[in-house]
Amino acid sequence: MAERLNGYRILILETREEAQFSKLLAEQGAEVVQCPMFTIQDAPDPAPVEAWIRRAIDRPLDDLVLMTGEGLRRIMELARARGLDRAFVAALAGSRKFTRGPKPGKALREVGLEPQQTTEKPTTEGVIEMLGKLDLKGRRLGLQLYPDKDHGALIGALAAQGAEVDAVLPYAYDSKAADANIVTAIDDMAAGRIDAVALTNLGQVRRLIEAAKAHGSEAKLRAGFDRTLIASVGPAVSGELAAHGLRTDVSPAEDAYFMRPLISAMAVALAEKLPRQGT
C-alpha cells in the first residue's frame with residue numbers, strides 16, 4: 001500500500017489542516033504542491049463573540065449547532081483569554097450538541113464534550129435535514145457560523161421550526177495575500193505540471209474562481225481543470241464545482257468524506273488514467 005502515489009504531483013489547497021494532508025500524501029509517495037488559499041483570523045471585532053459566550057454561560061443554550069471545528073476552537077481561545085472557558089464548557093455540558101460532520105465533533109471532544117448527533121452529510125443541507133426531525137419550538141439554539149457563506153437558508157429553517165437562534169461568527173478569512181500563490185497554481189495546472197488537485201472544502205473552489213477572475217486567468221483555470229484530475233472530498237465540494245460548470249473526477253467511496261479515503265480514491269484513479277511522471 002505504501003507509495004501508491006509515487007511519481008505524481010498533487011496540488012492541495014488546504015489551510016487549517018494543510019500539514020496533516022501533506023504528510024498523508026507524502027507517505028504515499030506523492031510530490032505535494034501546496035497552495036494556501038487564505039489565512040484564518042479571529043473575528044475583527046471580538047466583542048460580539050465574547051457577548052455570545054457570556055450569554056451561553058448566563059443563560060445556557062438548549063441546543064448548540066457547530067458548523068466547523070475551527071469555529072469552536074476560536075471560541076474557546078477567546079473564552080480562555082477572558083477567563084470564561086471553564087464556565088463556558090460547564091454550560092455547554094447540559095446542551096444538546098449537533099455537528100456538521102466529524103471535525104466539529106473532534107473539537108468538542110478536545111474540551112471533554114460529545115456531540116449528541118452528527119450529520120450524515122457534512123453540508124448545510126445535511127444540518128437542515130438532521131434538525132428538521134427535531135422539535136425546536138421555544139428552544140434557545142446557539143449556531144456557530146463560518147465565513148464566506150450565506151447562512152440565511154439555515155437560520156430561516158431553524159426559525160421556522162420555532163427555535164430562538166443565537167448565531168456567532170468567530171473567525172474571518174483573509175484571502176488577498178494568497179492570490180499570487182493561486183495564480184502560480186493555475187499556471188502549473190494549465191501547463192500540465194499537476195496530475196491531480198485535491199479539494200477538501202467548497203471555499204477552495206470559490207477562491208480559485210474568484211482569484212482567476214481578478215487576475216484575468218479564468219480561461220487558463222478552466223484549461224487547467226480540463227487536463228488535471230479533480231478530486232473532491234464530498235458532496236459539498238462536488239456541488240460547488242458543478243455550480244461553476246466543473247466536473248468531479250474522484251470522490252471517496254461509501255460516503256467516507258475524509259482525507260485518507262480521498263487519497264485512496266486518487267491513487268486508484270491516477271493509476272488507471274495517467275502514467276507516472278517520476279521514477
# chains A, B, ... in the order shown; residues from 1 in each chain; ligands from 1
>>> residues_around(residues="segment 130-137 of chain A", least_positions_apart="4", cutoff="10 Å", atoms="only C-alpha atoms", output="list in words")
Asp62, Asp63, Val65, Phe98, Thr99, Arg100, Gln117, Thr118, Thr119, Glu120, Lys121, Thr124, Glu125, Gly126, Leu141, Leu154, Ala157, Leu158, Ala159, Ala160, Gln161, Gly162, Ala163 and Glu164 of chain A
>>> write_last_selection(atoms="N, CA and C atoms", output="CSV table (one decimal), in the first residue's frame")
chain,number,residue,atom,x,y,z
A,62,ASP,N,-30.2,25.6,25.0
A,62,ASP,CA,-30.8,24.3,24.9
A,62,ASP,C,-30.1,23.4,23.9
A,63,ASP,N,-29.7,24.0,22.8
A,63,ASP,CA,-29.1,23.3,21.7
A,63,ASP,C,-27.9,24.1,21.2
A,65,VAL,N,-25.3,24.1,17.7
A,65,VAL,CA,-25.0,23.6,16.4
A,65,VAL,C,-23.7,24.1,16.0
A,98,PHE,N,-25.0,19.4,18.3
A,98,PHE,CA,-25.1,18.8,16.9
A,98,PHE,C,-23.9,19.4,16.1
A,99,THR,N,-23.4,18.5,15.2
A,99,THR,CA,-22.2,18.9,14.4
A,99,THR,C,-22.4,18.6,13.0
A,100,ARG,N,-21.9,19.5,12.1
A,100,ARG,CA,-21.9,19.3,10.7
A,100,ARG,C,-20.6,18.5,10.3
A,117,GLN,N,-25.5,14.3,18.1
A,117,GLN,CA,-25.8,13.8,16.7
A,117,GLN,C,-24.9,14.5,15.7
A,118,THR,N,-24.5,13.8,14.7
A,118,THR,CA,-23.6,14.3,13.6
A,118,THR,C,-24.3,14.1,12.3
A,119,THR,N,-24.3,15.1,11.4
A,119,THR,CA,-24.9,14.9,10.1
A,119,THR,C,-24.3,13.7,9.3
A,120,GLU,N,-25.2,13.1,8.6
A,120,GLU,CA,-24.7,12.0,7.7
A,120,GLU,C,-24.0,12.7,6.5
A,121,LYS,N,-24.4,13.8,6.1
A,121,LYS,CA,-23.8,14.6,5.0
A,121,LYS,C,-23.2,15.9,5.7
A,124,THR,N,-24.6,22.1,4.8
A,124,THR,CA,-25.7,22.9,5.4
A,124,THR,C,-27.0,22.2,5.2
A,125,GLU,N,-27.2,21.6,4.0
A,125,GLU,CA,-28.5,20.9,3.8
A,125,GLU,C,-28.6,19.7,4.7
A,126,GLY,N,-27.4,19.0,5.0
A,126,GLY,CA,-27.5,17.9,5.9
A,126,GLY,C,-27.9,18.4,7.3
A,141,LEU,N,-31.2,28.1,20.7
A,141,LEU,CA,-30.3,27.4,19.9
A,141,LEU,C,-29.1,28.2,19.5
A,154,LEU,N,-30.3,28.3,6.4
A,154,LEU,CA,-30.2,27.5,7.6
A,154,LEU,C,-30.9,28.3,8.8
A,157,ALA,N,-34.6,28.2,8.3
A,157,ALA,CA,-35.2,26.9,8.6
A,157,ALA,C,-35.4,26.6,10.1
A,158,LEU,N,-34.4,27.0,10.8
A,158,LEU,CA,-34.4,26.8,12.3
A,158,LEU,C,-35.5,27.7,12.9
A,159,ALA,N,-35.5,29.0,12.4
A,159,ALA,CA,-36.5,29.9,13.0
A,159,ALA,C,-37.9,29.4,12.7
A,160,ALA,N,-38.1,28.9,11.5
A,160,ALA,CA,-39.4,28.3,11.1
A,160,ALA,C,-39.9,27.2,12.0
A,161,GLN,N,-38.9,26.5,12.6
A,161,GLN,CA,-39.3,25.4,13.5
A,161,GLN,C,-39.5,25.9,14.9
A,162,GLY,N,-39.4,27.2,15.1
A,162,GLY,CA,-39.7,27.8,16.4
A,162,GLY,C,-38.6,28.0,17.3
A,163,ALA,N,-37.3,27.8,16.8
A,163,ALA,CA,-36.1,28.0,17.6
A,163,ALA,C,-35.8,29.4,17.8
A,164,GLU,N,-35.3,29.8,18.9
A,164,GLU,CA,-34.7,31.1,19.1
A,164,GLU,C,-33.2,31.0,18.8
>>> select_by_dssp(residues="segment 58-221 of chain A", states="helix (DSSP H, G or I)", output="MDAnalysis selection string")
chainID A and resid 58 69:81 85:93 102:110 124:131 152:160 176:190 202:214 218:221
>>> closest_residue(among="A:Glu272, A:Asp148, A:Glu31, A:Asp45", to="Gln204 of chain A", atoms="only C-alpha atoms")
A:Asp148
>>> residues_around(residues="segment 240-249 of chain A", least_positions_apart="6", cutoff="8 Å", atoms="only C-alpha atoms", output="short mmCIF file (atom, residue, chain, number, x, y, z; two decimals) with C-alpha atoms, in the first residue's frame")
data_model
loop_
_atom_site.label_atom_id
_atom_site.label_comp_id
_atom_site.auth_asym_id
_atom_site.auth_seq_id
_atom_site.Cartn_x
_atom_site.Cartn_y
_atom_site.Cartn_z
CA LEU A 202 -16.11 24.36 -1.12
CA VAL A 205 -13.42 26.24 -5.35
CA ARG A 206 -14.80 29.73 -4.80
CA PHE A 225 -9.02 21.75 -14.86
CA LEU A 229 -7.70 15.03 -12.28
CA ILE A 230 -10.20 16.78 -9.96
CA ALA A 231 -10.61 15.05 -6.60
CA SER A 232 -13.44 16.14 -4.28
#
>>> residues_around(residues="Tyr173 of chain A", least_positions_apart="5", cutoff="9 Å", atoms="only C-alpha atoms", output="PDB file with all heavy atoms, in the first residue's frame")
ATOM      1  N   PHE A  38      -6.109  31.027   1.752  1.00  0.00           N
ATOM      2  CA  PHE A  38      -6.373  32.198   2.578  1.00  0.00           C
ATOM      3  C   PHE A  38      -5.850  31.894   3.975  1.00  0.00           C
ATOM      4  O   PHE A  38      -5.539  30.748   4.293  1.00  0.00           O
ATOM      5  CB  PHE A  38      -7.880  32.537   2.647  1.00  0.00           C
ATOM      6  CG  PHE A  38      -8.774  31.330   2.733  1.00  0.00           C
ATOM      7  CD1 PHE A  38      -8.818  30.546   3.878  1.00  0.00           C
ATOM      8  CD2 PHE A  38      -9.580  30.967   1.671  1.00  0.00           C
ATOM      9  CE1 PHE A  38      -9.631  29.429   3.948  1.00  0.00           C
ATOM     10  CE2 PHE A  38     -10.400  29.862   1.727  1.00  0.00           C
ATOM     11  CZ  PHE A  38     -10.427  29.097   2.872  1.00  0.00           C
ATOM     12  N   THR A  39      -5.721  32.919   4.760  1.00  0.00           N
ATOM     13  CA  THR A  39      -5.376  32.723   6.163  1.00  0.00           C
ATOM     14  C   THR A  39      -6.636  32.894   6.998  1.00  0.00           C
ATOM     15  O   THR A  39      -7.564  33.615   6.610  1.00  0.00           O
ATOM     16  CB  THR A  39      -4.308  33.728   6.615  1.00  0.00           C
ATOM     17  OG1 THR A  39      -4.805  35.065   6.435  1.00  0.00           O
ATOM     18  CG2 THR A  39      -3.024  33.549   5.824  1.00  0.00           C
ATOM     19  N   ILE A  40      -6.669  32.216   8.114  1.00  0.00           N
ATOM     20  CA  ILE A  40      -7.803  32.315   9.027  1.00  0.00           C
ATOM     21  C   ILE A  40      -7.418  33.228  10.173  1.00  0.00           C
ATOM     22  O   ILE A  40      -6.357  33.066  10.781  1.00  0.00           O
ATOM     23  CB  ILE A  40      -8.203  30.925   9.547  1.00  0.00           C
ATOM     24  CG1 ILE A  40      -8.637  30.035   8.380  1.00  0.00           C
ATOM     25  CG2 ILE A  40      -9.325  31.039  10.570  1.00  0.00           C
ATOM     26  CD1 ILE A  40      -8.967  28.623   8.778  1.00  0.00           C
ATOM     27  N   GLN A  41      -8.273  34.181  10.465  1.00  0.00           N
ATOM     28  CA  GLN A  41      -8.016  35.137  11.528  1.00  0.00           C
ATOM     29  C   GLN A  41      -9.193  35.180  12.486  1.00  0.00           C
ATOM     30  O   GLN A  41     -10.324  34.824  12.117  1.00  0.00           O
ATOM     31  CB  GLN A  41      -7.788  36.537  10.933  1.00  0.00           C
ATOM     32  CG  GLN A  41      -6.606  36.623   9.978  1.00  0.00           C
ATOM     33  CD  GLN A  41      -6.444  38.014   9.386  1.00  0.00           C
ATOM     34  OE1 GLN A  41      -7.383  38.814   9.381  1.00  0.00           O
ATOM     35  NE2 GLN A  41      -5.251  38.315   8.910  1.00  0.00           N
ATOM     36  N   ASP A  42      -8.922  35.630  13.708  1.00  0.00           N
ATOM     37  CA  ASP A  42     -10.013  35.851  14.647  1.00  0.00           C
ATOM     38  C   ASP A  42     -10.971  36.897  14.076  1.00  0.00           C
ATOM     39  O   ASP A  42     -10.598  37.695  13.204  1.00  0.00           O
ATOM     40  CB  ASP A  42      -9.475  36.344  15.987  1.00  0.00           C
ATOM     41  CG  ASP A  42      -8.701  35.273  16.737  1.00  0.00           C
ATOM     42  OD1 ASP A  42      -9.003  34.077  16.542  1.00  0.00           O
ATOM     43  OD2 ASP A  42      -7.788  35.619  17.512  1.00  0.00           O
ATOM     44  N   ALA A  43     -12.182  36.889  14.559  1.00  0.00           N
ATOM     45  CA  ALA A  43     -13.147  37.904  14.141  1.00  0.00           C
ATOM     46  C   ALA A  43     -12.549  39.294  14.372  1.00  0.00           C
ATOM     47  O   ALA A  43     -11.934  39.535  15.420  1.00  0.00           O
ATOM     48  CB  ALA A  43     -14.440  37.752  14.926  1.00  0.00           C
ATOM     49  N   PRO A 147     -17.231  31.864   7.717  1.00  0.00           N
ATOM     50  CA  PRO A 147     -17.234  32.988   6.766  1.00  0.00           C
ATOM     51  C   PRO A 147     -17.540  32.566   5.332  1.00  0.00           C
ATOM     52  O   PRO A 147     -17.533  31.389   4.976  1.00  0.00           O
ATOM     53  CB  PRO A 147     -15.796  33.525   6.858  1.00  0.00           C
ATOM     54  CG  PRO A 147     -15.203  32.919   8.070  1.00  0.00           C
ATOM     55  CD  PRO A 147     -15.892  31.621   8.277  1.00  0.00           C
ATOM     56  N   ASP A 148     -17.793  33.587   4.508  1.00  0.00           N
ATOM     57  CA  ASP A 148     -17.964  33.433   3.056  1.00  0.00           C
ATOM     58  C   ASP A 148     -19.086  32.473   2.684  1.00  0.00           C
ATOM     59  O   ASP A 148     -18.969  31.691   1.751  1.00  0.00           O
ATOM     60  CB  ASP A 148     -16.654  32.968   2.408  1.00  0.00           C
ATOM     61  CG  ASP A 148     -15.579  34.035   2.462  1.00  0.00           C
ATOM     62  OD1 ASP A 148     -15.887  35.153   2.902  1.00  0.00           O
ATOM     63  OD2 ASP A 148     -14.446  33.760   2.055  1.00  0.00           O
TER      64      ASP A 148
END
>>> atom_distance(atom1="atom CA of Val237 of chain A", atom2="atom CA of Arg207 of chain A")
12.4 Å
>>> residues_around(residues="segment 79-90 of chain A", least_positions_apart="4", cutoff="12 Å", atoms="only C-alpha atoms", output="count of residues only")
31
>>> atom_distance(atom1="atom CA of Asp226 of chain A", atom2="atom CA of Val197 of chain A")
11.4 Å
>>> closest_residue(among="A:Leu199, A:Leu262, A:Val165, A:Ala223", to="Asp187 of chain A", atoms="only C-alpha atoms")
A:Ala223
>>> residues_around(residues="segment 264-267 of chain A", least_positions_apart="3", cutoff="7 Å", atoms="only C-alpha atoms", output="number ranges by chain")
A: 4-5, 231, 250-252, 260-261, 270-271
>>> atom_distance(atom1="atom CA of Ala219 of chain A", atom2="atom CA of Lys273 of chain A")
24.1 Å
>>> decode(residues="segment 110-227 of chain A", atoms="C-alpha atoms", output="PDB file, in the first residue's frame")
ATOM      1  CA  GLU A 110     -10.914  18.265  22.835  1.00  0.00           C
ATOM      2  CA  VAL A 111     -12.814  20.097  25.608  1.00  0.00           C
ATOM      3  CA  GLY A 112     -14.327  16.946  27.085  1.00  0.00           C
ATOM      4  CA  LEU A 113     -17.734  17.096  25.414  1.00  0.00           C
ATOM      5  CA  GLU A 114     -19.525  14.797  22.981  1.00  0.00           C
ATOM      6  CA  PRO A 115     -21.960  15.556  20.173  1.00  0.00           C
ATOM      7  CA  GLN A 116     -25.414  14.053  20.503  1.00  0.00           C
ATOM      8  CA  GLN A 117     -25.760  13.793  16.735  1.00  0.00           C
ATOM      9  CA  THR A 118     -23.632  14.335  13.629  1.00  0.00           C
ATOM     10  CA  THR A 119     -24.916  14.915  10.114  1.00  0.00           C
ATOM     11  CA  GLU A 120     -24.717  12.022   7.697  1.00  0.00           C
ATOM     12  CA  LYS A 121     -23.754  14.584   5.042  1.00  0.00           C
ATOM     13  CA  PRO A 122     -21.328  17.334   6.151  1.00  0.00           C
ATOM     14  CA  THR A 123     -23.283  20.084   4.415  1.00  0.00           C
ATOM     15  CA  THR A 124     -25.675  22.869   5.378  1.00  0.00           C
ATOM     16  CA  GLU A 125     -28.465  20.865   3.768  1.00  0.00           C
ATOM     17  CA  GLY A 126     -27.464  17.913   5.943  1.00  0.00           C
ATOM     18  CA  VAL A 127     -27.766  20.083   9.052  1.00  0.00           C
ATOM     19  CA  ILE A 128     -31.196  21.325   7.984  1.00  0.00           C
ATOM     20  CA  GLU A 129     -32.320  17.746   7.342  1.00  0.00           C
ATOM     21  CA  MET A 130     -30.963  16.499  10.686  1.00  0.00           C
ATOM     22  CA  LEU A 131     -32.506  19.276  12.755  1.00  0.00           C
ATOM     23  CA  GLY A 132     -35.742  19.188  10.759  1.00  0.00           C
ATOM     24  CA  LYS A 133     -36.611  15.940  12.503  1.00  0.00           C
ATOM     25  CA  LEU A 134     -36.483  17.558  15.954  1.00  0.00           C
ATOM     26  CA  ASP A 135     -38.931  19.680  17.934  1.00  0.00           C
ATOM     27  CA  LEU A 136     -37.155  23.030  18.338  1.00  0.00           C
ATOM     28  CA  LYS A 137     -40.138  25.137  19.330  1.00  0.00           C
ATOM     29  CA  GLY A 138     -39.183  27.597  22.056  1.00  0.00           C
ATOM     30  CA  ARG A 139     -35.637  26.258  22.381  1.00  0.00           C
ATOM     31  CA  ARG A 140     -32.610  28.547  22.585  1.00  0.00           C
ATOM     32  CA  LEU A 141     -30.259  27.377  19.859  1.00  0.00           C
ATOM     33  CA  GLY A 142     -26.663  28.541  19.566  1.00  0.00           C
ATOM     34  CA  LEU A 143     -25.431  28.450  15.966  1.00  0.00           C
ATOM     35  CA  GLN A 144     -21.731  28.750  15.120  1.00  0.00           C
ATOM     36  CA  LEU A 145     -21.278  30.001  11.560  1.00  0.00           C
ATOM     37  CA  TYR A 146     -18.297  30.230   9.210  1.00  0.00           C
ATOM     38  CA  PRO A 147     -17.234  32.988   6.766  1.00  0.00           C
ATOM     39  CA  ASP A 148     -17.964  33.433   3.056  1.00  0.00           C
ATOM     40  CA  LYS A 149     -21.304  31.658   3.167  1.00  0.00           C
ATOM     41  CA  ASP A 150     -24.890  32.874   3.066  1.00  0.00           C
ATOM     42  CA  HIS A 151     -26.449  31.124   6.058  1.00  0.00           C
ATOM     43  CA  GLY A 152     -29.920  32.580   5.504  1.00  0.00           C
ATOM     44  CA  ALA A 153     -31.480  29.266   4.497  1.00  0.00           C
ATOM     45  CA  LEU A 154     -30.222  27.525   7.637  1.00  0.00           C
ATOM     46  CA  ILE A 155     -31.215  30.309  10.014  1.00  0.00           C
ATOM     47  CA  GLY A 156     -34.596  30.597   8.309  1.00  0.00           C
ATOM     48  CA  ALA A 157     -35.243  26.869   8.577  1.00  0.00           C
ATOM     49  CA  LEU A 158     -34.429  26.844  12.292  1.00  0.00           C
ATOM     50  CA  ALA A 159     -36.542  29.923  12.973  1.00  0.00           C
ATOM     51  CA  ALA A 160     -39.433  28.334  11.073  1.00  0.00           C
ATOM     52  CA  GLN A 161     -39.259  25.407  13.492  1.00  0.00           C
ATOM     53  CA  GLY A 162     -39.743  27.829  16.375  1.00  0.00           C
ATOM     54  CA  ALA A 163     -36.143  27.972  17.607  1.00  0.00           C
ATOM     55  CA  GLU A 164     -34.695  31.129  19.141  1.00  0.00           C
ATOM     56  CA  VAL A 165     -31.489  31.276  17.089  1.00  0.00           C
ATOM     57  CA  ASP A 166     -28.409  32.944  18.600  1.00  0.00           C
ATOM     58  CA  ALA A 167     -25.689  32.931  15.928  1.00  0.00           C
ATOM     59  CA  VAL A 168     -21.987  33.673  16.239  1.00  0.00           C
ATOM     60  CA  LEU A 169     -19.238  34.102  13.622  1.00  0.00           C
ATOM     61  CA  PRO A 170     -15.933  33.622  15.465  1.00  0.00           C
ATOM     62  CA  TYR A 171     -13.409  33.940  12.621  1.00  0.00           C
ATOM     63  CA  ALA A 172     -12.743  35.532   9.245  1.00  0.00           C
ATOM     64  CA  TYR A 173     -10.812  34.745   6.077  1.00  0.00           C
ATOM     65  CA  ASP A 174      -8.042  36.932   4.645  1.00  0.00           C
ATOM     66  CA  SER A 175      -7.660  35.911   1.031  1.00  0.00           C
ATOM     67  CA  LYS A 176      -5.745  38.710  -0.676  1.00  0.00           C
ATOM     68  CA  ALA A 177      -2.304  37.629   0.482  1.00  0.00           C
ATOM     69  CA  ALA A 178      -2.707  34.253  -1.209  1.00  0.00           C
ATOM     70  CA  ASP A 179      -3.584  35.490  -4.702  1.00  0.00           C
ATOM     71  CA  ALA A 180      -0.022  35.201  -6.058  1.00  0.00           C
ATOM     72  CA  ASN A 181       0.173  31.576  -4.925  1.00  0.00           C
ATOM     73  CA  ILE A 182      -3.177  30.806  -6.549  1.00  0.00           C
ATOM     74  CA  VAL A 183      -2.159  32.324  -9.895  1.00  0.00           C
ATOM     75  CA  THR A 184       1.022  30.209  -9.857  1.00  0.00           C
ATOM     76  CA  ALA A 185      -1.040  27.083  -9.136  1.00  0.00           C
ATOM     77  CA  ILE A 186      -3.366  27.910 -12.037  1.00  0.00           C
ATOM     78  CA  ASP A 187      -0.344  28.305 -14.337  1.00  0.00           C
ATOM     79  CA  ASP A 188       1.013  24.935 -13.179  1.00  0.00           C
ATOM     80  CA  MET A 189      -2.279  23.162 -13.897  1.00  0.00           C
ATOM     81  CA  ALA A 190      -2.666  24.795 -17.311  1.00  0.00           C
ATOM     82  CA  ALA A 191       0.903  23.775 -18.213  1.00  0.00           C
ATOM     83  CA  GLY A 192       0.258  20.146 -17.241  1.00  0.00           C
ATOM     84  CA  ARG A 193       2.622  20.207 -14.285  1.00  0.00           C
ATOM     85  CA  ILE A 194      -0.057  18.930 -11.873  1.00  0.00           C
ATOM     86  CA  ASP A 195      -1.517  15.417 -12.005  1.00  0.00           C
ATOM     87  CA  ALA A 196      -4.385  15.957  -9.560  1.00  0.00           C
ATOM     88  CA  VAL A 197      -5.901  18.736  -7.498  1.00  0.00           C
ATOM     89  CA  ALA A 198      -7.412  17.671  -4.160  1.00  0.00           C
ATOM     90  CA  LEU A 199     -10.305  19.845  -2.972  1.00  0.00           C
ATOM     91  CA  THR A 200     -11.429  19.445   0.626  1.00  0.00           C
ATOM     92  CA  ASN A 201     -13.845  22.342   1.132  1.00  0.00           C
ATOM     93  CA  LEU A 202     -16.111  24.358  -1.117  1.00  0.00           C
ATOM     94  CA  GLY A 203     -14.394  27.624  -0.181  1.00  0.00           C
ATOM     95  CA  GLN A 204     -11.371  26.456  -2.155  1.00  0.00           C
ATOM     96  CA  VAL A 205     -13.424  26.239  -5.352  1.00  0.00           C
ATOM     97  CA  ARG A 206     -14.805  29.726  -4.801  1.00  0.00           C
ATOM     98  CA  ARG A 207     -11.361  31.167  -4.116  1.00  0.00           C
ATOM     99  CA  LEU A 208      -9.896  29.619  -7.258  1.00  0.00           C
ATOM    100  CA  ILE A 209     -12.677  31.107  -9.378  1.00  0.00           C
ATOM    101  CA  GLU A 210     -12.501  34.463  -7.585  1.00  0.00           C
ATOM    102  CA  ALA A 211      -8.722  34.807  -7.913  1.00  0.00           C
ATOM    103  CA  ALA A 212      -8.752  33.653 -11.540  1.00  0.00           C
ATOM    104  CA  LYS A 213     -11.355  36.285 -12.445  1.00  0.00           C
ATOM    105  CA  ALA A 214      -9.468  39.013 -10.564  1.00  0.00           C
ATOM    106  CA  HIS A 215      -6.249  38.262 -12.449  1.00  0.00           C
ATOM    107  CA  GLY A 216      -7.696  37.535 -15.883  1.00  0.00           C
ATOM    108  CA  SER A 217      -6.883  33.829 -15.608  1.00  0.00           C
ATOM    109  CA  GLU A 218     -10.337  32.257 -15.685  1.00  0.00           C
ATOM    110  CA  ALA A 219      -9.841  30.682 -19.128  1.00  0.00           C
ATOM    111  CA  LYS A 220      -6.460  29.365 -18.048  1.00  0.00           C
ATOM    112  CA  LEU A 221      -8.003  27.904 -14.870  1.00  0.00           C
ATOM    113  CA  ARG A 222     -10.651  26.033 -16.867  1.00  0.00           C
ATOM    114  CA  ALA A 223      -7.978  24.788 -19.261  1.00  0.00           C
ATOM    115  CA  GLY A 224      -6.005  23.577 -16.258  1.00  0.00           C
ATOM    116  CA  PHE A 225      -9.018  21.754 -14.857  1.00  0.00           C
ATOM    117  CA  ASP A 226      -9.564  20.125 -18.249  1.00  0.00           C
ATOM    118  CA  ARG A 227      -6.176  18.413 -18.076  1.00  0.00           C
TER     119      ARG A 227
END
